[in-house]
>>> print(open('start-v9.cif').read())   # mmCIF, C-alpha atoms (C1' of nucleotides)
data_run
#
loop_
_atom_site.group_PDB
_atom_site.id
_atom_site.type_symbol
_atom_site.label_atom_id
_atom_site.label_comp_id
_atom_site.auth_asym_id
_atom_site.auth_seq_id
_atom_site.Cartn_x
_atom_site.Cartn_y
_atom_site.Cartn_z
ATOM 1 C CA MET A 1 178.690 153.605 221.405
ATOM 2 C CA LYS A 2 178.000 150.512 223.444
ATOM 3 C CA ASN A 3 176.824 147.402 221.676
ATOM 4 C CA LEU A 4 173.812 146.482 223.797
ATOM 5 C CA LYS A 5 172.437 144.120 221.181
ATOM 6 C CA LEU A 6 175.525 141.986 221.557
ATOM 7 C CA LYS A 7 175.390 142.183 225.333
ATOM 8 C CA SER A 8 171.767 141.103 225.445
ATOM 9 C CA ALA A 9 172.202 138.339 222.858
ATOM 10 C CA ARG A 10 175.007 136.975 224.995
ATOM 11 C CA ALA A 11 172.829 137.198 228.097
ATOM 12 C CA ALA A 12 170.059 135.363 226.241
ATOM 13 C CA MET A 13 172.485 132.488 225.682
ATOM 14 C CA ASP A 14 173.531 132.661 229.358
ATOM 15 C CA MET A 15 177.184 133.062 228.426
ATOM 16 C CA SER A 16 179.842 135.064 230.235
ATOM 17 C CA GLN A 17 182.243 137.273 228.313
ATOM 18 C CA GLN A 18 184.867 134.639 228.982
ATOM 19 C CA GLN A 19 182.717 131.840 227.559
ATOM 20 C CA LEU A 20 181.957 133.812 224.412
ATOM 21 C CA ALA A 21 185.627 134.721 224.075
ATOM 22 C CA ASP A 22 186.573 131.036 224.288
ATOM 23 C CA ALA A 23 183.881 130.099 221.763
ATOM 24 C CA VAL A 24 185.293 132.514 219.181
ATOM 25 C CA CYS A 25 188.961 132.165 220.151
ATOM 26 C CA VAL A 26 189.729 135.709 221.300
ATOM 27 C CA SER A 27 190.575 137.183 224.667
ATOM 28 C CA ARG A 28 187.938 138.242 227.167
ATOM 29 C CA GLN A 29 189.200 141.809 226.908
ATOM 30 C CA THR A 30 188.391 141.832 223.221
ATOM 31 C CA ILE A 31 184.766 140.862 223.863
ATOM 32 C CA ASN A 32 184.571 143.394 226.656
ATOM 33 C CA ALA A 33 185.930 146.142 224.414
ATOM 34 C CA ILE A 34 183.473 145.315 221.634
ATOM 35 C CA GLU A 35 180.523 145.449 224.030
ATOM 36 C CA LYS A 36 181.854 148.634 225.519
ATOM 37 C CA GLY A 37 182.002 149.934 221.982
ATOM 38 C CA ASP A 38 185.424 151.453 221.934
ATOM 39 C CA TYR A 39 186.641 149.593 219.000
ATOM 40 C CA ASN A 40 186.329 148.238 215.630
ATOM 41 C CA PRO A 41 186.539 144.440 215.319
ATOM 42 C CA THR A 42 187.226 142.634 212.059
ATOM 43 C CA ILE A 43 184.305 141.246 210.076
ATOM 44 C CA ASN A 44 185.496 137.673 210.554
ATOM 45 C CA LEU A 45 185.355 138.074 214.316
ATOM 46 C CA CYS A 46 181.878 139.638 214.044
ATOM 47 C CA ILE A 47 180.724 136.695 211.954
ATOM 48 C CA SER A 48 182.134 134.220 214.489
ATOM 49 C CA ILE A 49 180.347 136.040 217.298
ATOM 50 C CA CYS A 50 177.086 136.011 215.342
ATOM 51 C CA LYS A 51 177.346 132.294 214.748
ATOM 52 C CA ALA A 52 178.143 131.609 218.404
ATOM 53 C CA LEU A 53 175.054 133.558 219.434
ATOM 54 C CA GLY A 54 172.684 132.417 216.683
ATOM 55 C CA LYS A 55 172.281 135.880 215.174
ATOM 56 C CA THR A 56 173.152 137.607 211.911
ATOM 57 C CA LEU A 57 175.383 140.613 211.228
ATOM 58 C CA ASP A 58 172.390 142.875 210.735
ATOM 59 C CA GLU A 59 170.953 141.772 214.066
ATOM 60 C CA LEU A 60 174.086 142.475 216.085
ATOM 61 C CA PHE A 61 176.152 145.016 214.186
ATOM 62 C CA TRP A 62 173.841 147.094 211.992
ATOM 63 C CA ASN A 63 172.332 150.243 213.415
ATOM 64 C CA GLU A 64 168.968 151.366 212.027
ATOM 65 C CA MET B 1 186.832 133.354 198.842
ATOM 66 C CA LYS B 2 185.985 136.200 196.490
ATOM 67 C CA ASN B 3 183.249 138.596 197.484
ATOM 68 C CA LEU B 4 181.148 138.635 194.336
ATOM 69 C CA LYS B 5 178.179 140.210 196.084
ATOM 70 C CA LEU B 6 180.284 143.260 196.748
ATOM 71 C CA LYS B 7 181.647 143.294 193.221
ATOM 72 C CA SER B 8 178.186 143.111 191.693
ATOM 73 C CA ALA B 9 176.693 145.681 194.074
ATOM 74 C CA ARG B 10 179.446 148.066 193.048
ATOM 75 C CA ALA B 11 178.791 147.333 189.385
ATOM 76 C CA ALA B 12 175.095 147.993 189.958
ATOM 77 C CA MET B 13 176.009 151.481 191.177
ATOM 78 C CA ASP B 14 178.369 151.912 188.204
ATOM 79 C CA MET B 15 181.306 152.709 190.451
ATOM 80 C CA SER B 16 184.950 151.856 189.909
ATOM 81 C CA GLN B 17 187.053 150.431 192.726
ATOM 82 C CA GLN B 18 188.701 153.837 192.932
ATOM 83 C CA GLN B 19 185.380 155.651 193.267
ATOM 84 C CA LEU B 20 184.196 153.320 196.009
ATOM 85 C CA ALA B 21 187.553 153.652 197.765
ATOM 86 C CA ASP B 22 187.233 157.440 197.682
ATOM 87 C CA ALA B 23 183.649 157.260 198.950
ATOM 88 C CA VAL B 24 184.698 155.274 202.005
ATOM 89 C CA CYS B 25 188.144 156.872 202.457
ATOM 90 C CA VAL B 26 190.405 153.896 201.906
ATOM 91 C CA SER B 27 192.895 153.011 199.198
ATOM 92 C CA ARG B 28 191.868 151.299 195.976
ATOM 93 C CA GLN B 29 194.031 148.321 196.924
ATOM 94 C CA THR B 30 191.948 147.805 200.035
ATOM 95 C CA ILE B 31 188.739 147.561 198.001
ATOM 96 C CA ASN B 32 190.450 145.304 195.512
ATOM 97 C CA ALA B 33 191.702 142.997 198.289
ATOM 98 C CA ILE B 34 188.252 142.784 199.875
ATOM 99 C CA GLU B 35 186.665 141.853 196.556
ATOM 100 C CA LYS B 36 189.432 139.389 195.885
ATOM 101 C CA GLY B 37 188.658 137.991 199.302
ATOM 102 C CA ASP B 38 192.091 137.638 200.696
ATOM 103 C CA TYR B 39 191.462 139.577 203.782
ATOM 104 C CA ASN B 40 189.473 140.582 206.705
ATOM 105 C CA PRO B 41 188.298 144.198 206.806
ATOM 106 C CA THR B 42 187.070 145.918 209.950
ATOM 107 C CA ILE B 43 183.340 146.115 210.600
ATOM 108 C CA ASN B 44 183.337 149.904 210.384
ATOM 109 C CA LEU B 45 184.763 149.730 206.880
ATOM 110 C CA CYS B 46 182.186 147.087 205.928
ATOM 111 C CA ILE B 47 179.416 149.329 207.240
ATOM 112 C CA SER B 48 180.762 152.304 205.257
ATOM 113 C CA ILE B 49 180.875 150.193 202.112
ATOM 114 C CA CYS B 50 177.318 148.984 202.702
ATOM 115 C CA LYS B 51 176.066 152.537 203.104
ATOM 116 C CA ALA B 52 177.896 153.705 199.990
ATOM 117 C CA LEU B 53 176.263 150.907 197.996
ATOM 118 C CA GLY B 54 172.801 150.992 199.587
ATOM 119 C CA LYS B 55 173.052 147.494 201.032
ATOM 120 C CA THR B 56 173.159 145.945 204.490
ATOM 121 C CA LEU B 57 175.834 143.810 206.146
ATOM 122 C CA ASP B 58 173.824 140.643 205.640
ATOM 123 C CA GLU B 59 173.449 141.433 201.942
ATOM 124 C CA LEU B 60 177.156 141.959 201.293
ATOM 125 C CA PHE B 61 179.098 140.112 203.994
ATOM 126 C CA TRP B 62 176.958 137.251 205.306
ATOM 127 C CA ASN B 63 177.266 133.887 203.616
ATOM 128 C CA GLU B 64 174.198 131.650 203.641
ATOM 129 C "C1'" DA C 1 179.793 138.210 255.996
ATOM 130 C "C1'" DC C 2 182.536 135.652 253.072
ATOM 131 C "C1'" DA C 3 183.960 133.366 248.719
ATOM 132 C "C1'" DT C 4 183.712 133.183 243.812
ATOM 133 C "C1'" DT C 5 182.527 134.638 239.384
ATOM 134 C "C1'" DT C 6 182.007 138.324 236.288
ATOM 135 C "C1'" DT C 7 183.068 142.607 234.561
ATOM 136 C "C1'" DG C 8 185.835 147.032 233.797
ATOM 137 C "C1'" DT C 9 190.140 148.851 232.804
ATOM 138 C "C1'" DC C 10 195.256 149.753 231.939
ATOM 139 C "C1'" DA C 11 199.917 149.240 229.899
ATOM 140 C "C1'" DA C 12 203.176 146.859 226.918
ATOM 141 C "C1'" DG C 13 203.754 143.678 223.351
ATOM 142 C "C1'" DT C 14 202.471 141.064 218.893
ATOM 143 C "C1'" DA C 15 199.783 140.212 214.739
ATOM 144 C "C1'" DT C 16 197.628 141.999 210.987
ATOM 145 C "C1'" DA C 17 194.696 145.599 208.406
ATOM 146 C "C1'" DT C 18 195.656 149.408 205.540
ATOM 147 C "C1'" DT C 19 198.717 152.776 202.991
ATOM 148 C "C1'" DT C 20 202.028 154.153 199.687
ATOM 149 C "C1'" DT C 21 204.619 153.546 195.595
ATOM 150 C "C1'" DA C 22 205.057 151.163 191.643
ATOM 151 C "C1'" DC C 23 204.389 148.288 187.541
ATOM 152 C "C1'" DA C 24 201.821 144.974 184.441
ATOM 153 C "C1'" DT C 25 197.557 143.463 182.394
ATOM 154 C "C1'" DT C 26 192.909 143.856 180.736
ATOM 155 C "C1'" DA C 27 189.014 146.436 179.166
ATOM 156 C "C1'" DT C 28 186.911 150.569 176.734
ATOM 157 C "C1'" DA C 29 186.837 154.142 173.659
ATOM 158 C "C1'" DT C 30 188.437 156.943 169.634
ATOM 159 C "C1'" DA D 1 196.328 150.837 166.350
ATOM 160 C "C1'" DT D 2 196.704 153.941 170.037
ATOM 161 C "C1'" DA D 3 195.370 156.184 174.216
ATOM 162 C "C1'" DT D 4 193.097 156.001 178.650
ATOM 163 C "C1'" DA D 5 190.690 154.039 182.401
ATOM 164 C "C1'" DA D 6 190.182 150.088 185.307
ATOM 165 C "C1'" DT D 7 191.946 146.192 187.528
ATOM 166 C "C1'" DG D 8 195.431 142.731 189.584
ATOM 167 C "C1'" DT D 9 199.322 142.294 192.264
ATOM 168 C "C1'" DA D 10 203.707 142.982 195.195
ATOM 169 C "C1'" DA D 11 206.972 144.862 198.768
ATOM 170 C "C1'" DA D 12 207.892 147.991 202.565
ATOM 171 C "C1'" DA D 13 206.078 151.077 205.954
ATOM 172 C "C1'" DT D 14 202.460 152.586 209.279
ATOM 173 C "C1'" DA D 15 198.226 152.261 211.993
ATOM 174 C "C1'" DT D 16 195.546 149.657 214.753
ATOM 175 C "C1'" DA D 17 193.158 145.116 216.218
ATOM 176 C "C1'" DC D 18 194.105 141.847 219.536
ATOM 177 C "C1'" DT D 19 196.898 139.443 223.367
ATOM 178 C "C1'" DT D 20 198.911 138.833 227.809
ATOM 179 C "C1'" DG D 21 199.228 139.786 232.552
ATOM 180 C "C1'" DA D 22 197.524 142.109 236.225
ATOM 181 C "C1'" DC D 23 194.500 144.454 239.542
ATOM 182 C "C1'" DA D 24 190.086 146.574 241.301
ATOM 183 C "C1'" DA D 25 185.025 146.875 241.445
ATOM 184 C "C1'" DA D 26 180.697 144.914 241.054
ATOM 185 C "C1'" DA D 27 177.631 141.128 240.977
ATOM 186 C "C1'" DT D 28 176.057 136.438 242.523
ATOM 187 C "C1'" DG D 29 175.793 132.568 245.579
ATOM 188 C "C1'" DT D 30 176.066 130.295 250.189
#
>>> encode(input="start-v9.cif", output="structure tokens")
Amino acid sequence: MKNLKLKSARAAMDMSQQQLADAVCVSRQTINAIEKGDYNPTINLCISICKALGKTLDELFWNE
Amino acid sequence: MKNLKLKSARAAMDMSQQQLADAVCVSRQTINAIEKGDYNPTINLCISICKALGKTLDELFWNE
DNA sequence: ACATTTTGTCAAGTATATTTTACATTATAT
DNA sequence: ATATAATGTAAAATATACTTGACAAAATGT
């Protein structure tokens, strides 16, 4: 399932997938795949993404 | 760094590493390594662990 | 309409999470 | 003191997260 919370948090920071990828030191394809929802990132990457976007794990990666 | 929040949440449920491993379908060594803190589990495994222990991601895997 | 940036996607390779087997140590109970 | 359960740790194999390079489609700006 798509991660729309991530997508909208990124939009709120006015960052492209590429900019977020650079900020957390992964490839753009990795960010794209996470937003698209077809895979399973590591917790350290999730934490880096949260910090780059000013959110917590529960806000971006916890459902219900 | 060790994950003591995980270790104590597991203790609070009176589960062994083996029992938690079975509950989330991984090996005991994987649980042990996560508690010991020397690696980087996937977010789906973290979420499974949280659900098995009645906690959220922020409660078990977010620092500060 | 054109140029440029952003996003979606694919295939092949590399890095690393996780498993399996195995053994030693520490705790708990009888 | 002895048995049993629980934990710590290690090496080799397997599964999968992530990269690199590349191309097309969609969005945005002029």
>>> interface_residues(input="start-v9.cif", of="chain A", to="chain B", cutoff="10 Å", atoms="only C-alpha atoms", output="VMD selection string")
chain A and resid 39 to 47 56 to 59 61 to 63
>>> interface_residues(input="start-v9.cif", of="chain D", to="chain B", cutoff="12 Å", atoms="all atoms listed in the file", output="JSON, numbers by chain")
{"D": [5, 6, 7, 8, 9, 10, 16, 17]}
>>> resolve_selection(input="start-v9.cif", expression="the PyMOL selection byres ((chain C) within 9 of (chain A))", output="CSV table (one decimal) with C-alpha atoms (C1' of nucleotides), in the coordinates of the input")
chain,number,residue,atom,x,y,z
C,6,DT,C1',182.0,138.3,236.3
C,7,DT,C1',183.1,142.6,234.6
C,8,DG,C1',185.8,147.0,233.8
C,17,DA,C1',194.7,145.6,208.4
>>> atom_distance(input="start-v9.cif", atom1="atom CA of Ile49 of chain B", atom2="atom CA of Val24 of chain B")
6.4 Å
>>> residues_around(input="start-v9.cif", residues="DT18 of chain C", least_positions_apart="2", cutoff="8 Å", atoms="all atoms listed in the file", output="PyMOL selection string")
(chain B and resi 26-27+30) or (chain D and resi 15)
>>> atom_distance(input="start-v9.cif", atom1="atom CA of Lys55 of chain A", atom2="atom C1' of DA26 of chain D")
28.7 Å
>>> residues_near_point(input="start-v9.cif", point="(177.5, 150.9, 220.7)", cutoff="7 Å", atoms="all atoms listed in the file", output="list in words")
Met1, Lys2, Asn3, Leu4, Lys36 and Gly37 of chain A
>>> atom_distance(input="start-v9.cif", atom1="atom CA of Met13 of chain A", atom2="atom CA of Cys50 of chain B")
28.7 Å
>>> residues_around(input="start-v9.cif", residues="DT4 of chain D", least_positions_apart="3", cutoff="12 Å", atoms="only C-alpha atoms (C1' of nucleotides)", output="list in words")
DA27, DT28, DA29 and DT30 of chain C
>>> resolve_selection(input="start-v9.cif", expression="the PyMOL selection byres ((chain D and resi 12) around 9)", output="list in words")
DT20 of chain C; DA11 and DA13 of chain D
>>> decode(input="start-v9.cif", residues="chain C", atoms="C-alpha atoms (C1' of nucleotides)", output="PDB file, in the first residue's frame")
ATOM      1  C1'  DA C   1       4.897  24.814 -28.198  1.00  0.00           C
ATOM      2  C1'  DC C   2       9.101  23.939 -26.153  1.00  0.00           C
ATOM      3  C1'  DA C   3      12.411  23.009 -22.361  1.00  0.00           C
ATOM      4  C1'  DT C   4      13.210  21.252 -17.840  1.00  0.00           C
ATOM      5  C1'  DT C   5      12.160  19.026 -13.707  1.00  0.00           C
ATOM      6  C1'  DT C   6       9.892  15.369 -11.489  1.00  0.00           C
ATOM      7  C1'  DT C   7       8.147  10.969 -11.247  1.00  0.00           C
ATOM      8  C1'  DG C   8       7.389   5.921 -12.577  1.00  0.00           C
ATOM      9  C1'  DT C   9       9.513   1.814 -13.778  1.00  0.00           C
ATOM     10  C1'  DC C  10      12.812  -2.025 -15.232  1.00  0.00           C
ATOM     11  C1'  DA C  11      16.916  -5.075 -15.162  1.00  0.00           C
ATOM     12  C1'  DA C  12      21.392  -6.385 -13.308  1.00  0.00           C
ATOM     13  C1'  DG C  13      24.535  -5.876  -9.697  1.00  0.00           C
ATOM     14  C1'  DT C  14      26.099  -5.116  -4.665  1.00  0.00           C
ATOM     15  C1'  DA C  15      25.422  -4.728   0.294  1.00  0.00           C
ATOM     16  C1'  DT C  16      23.325  -6.378   4.141  1.00  0.00           C
ATOM     17  C1'  DA C  17      19.259  -8.427   6.878  1.00  0.00           C
ATOM     18  C1'  DT C  18      17.953 -12.898   8.276  1.00  0.00           C
ATOM     19  C1'  DT C  19      18.418 -18.080   8.641  1.00  0.00           C
ATOM     20  C1'  DT C  20      20.511 -22.272   9.992  1.00  0.00           C
ATOM     21  C1'  DT C  21      23.523 -24.956  12.740  1.00  0.00           C
ATOM     22  C1'  DA C  22      26.106 -25.106  16.587  1.00  0.00           C
ATOM     23  C1'  DC C  23      28.230 -24.350  21.110  1.00  0.00           C
ATOM     24  C1'  DA C  24      29.078 -21.812  25.584  1.00  0.00           C
ATOM     25  C1'  DT C  25      27.313 -19.205  29.425  1.00  0.00           C
ATOM     26  C1'  DT C  26      23.945 -17.603  32.679  1.00  0.00           C
ATOM     27  C1'  DA C  27      19.670 -17.964  35.106  1.00  0.00           C
ATOM     28  C1'  DT C  28      15.835 -20.795  37.271  1.00  0.00           C
ATOM     29  C1'  DA C  29      13.964 -24.609  39.315  1.00  0.00           C
ATOM     30  C1'  DT C  30      13.993 -29.183  41.701  1.00  0.00           C
TER      31       DT C  30
END
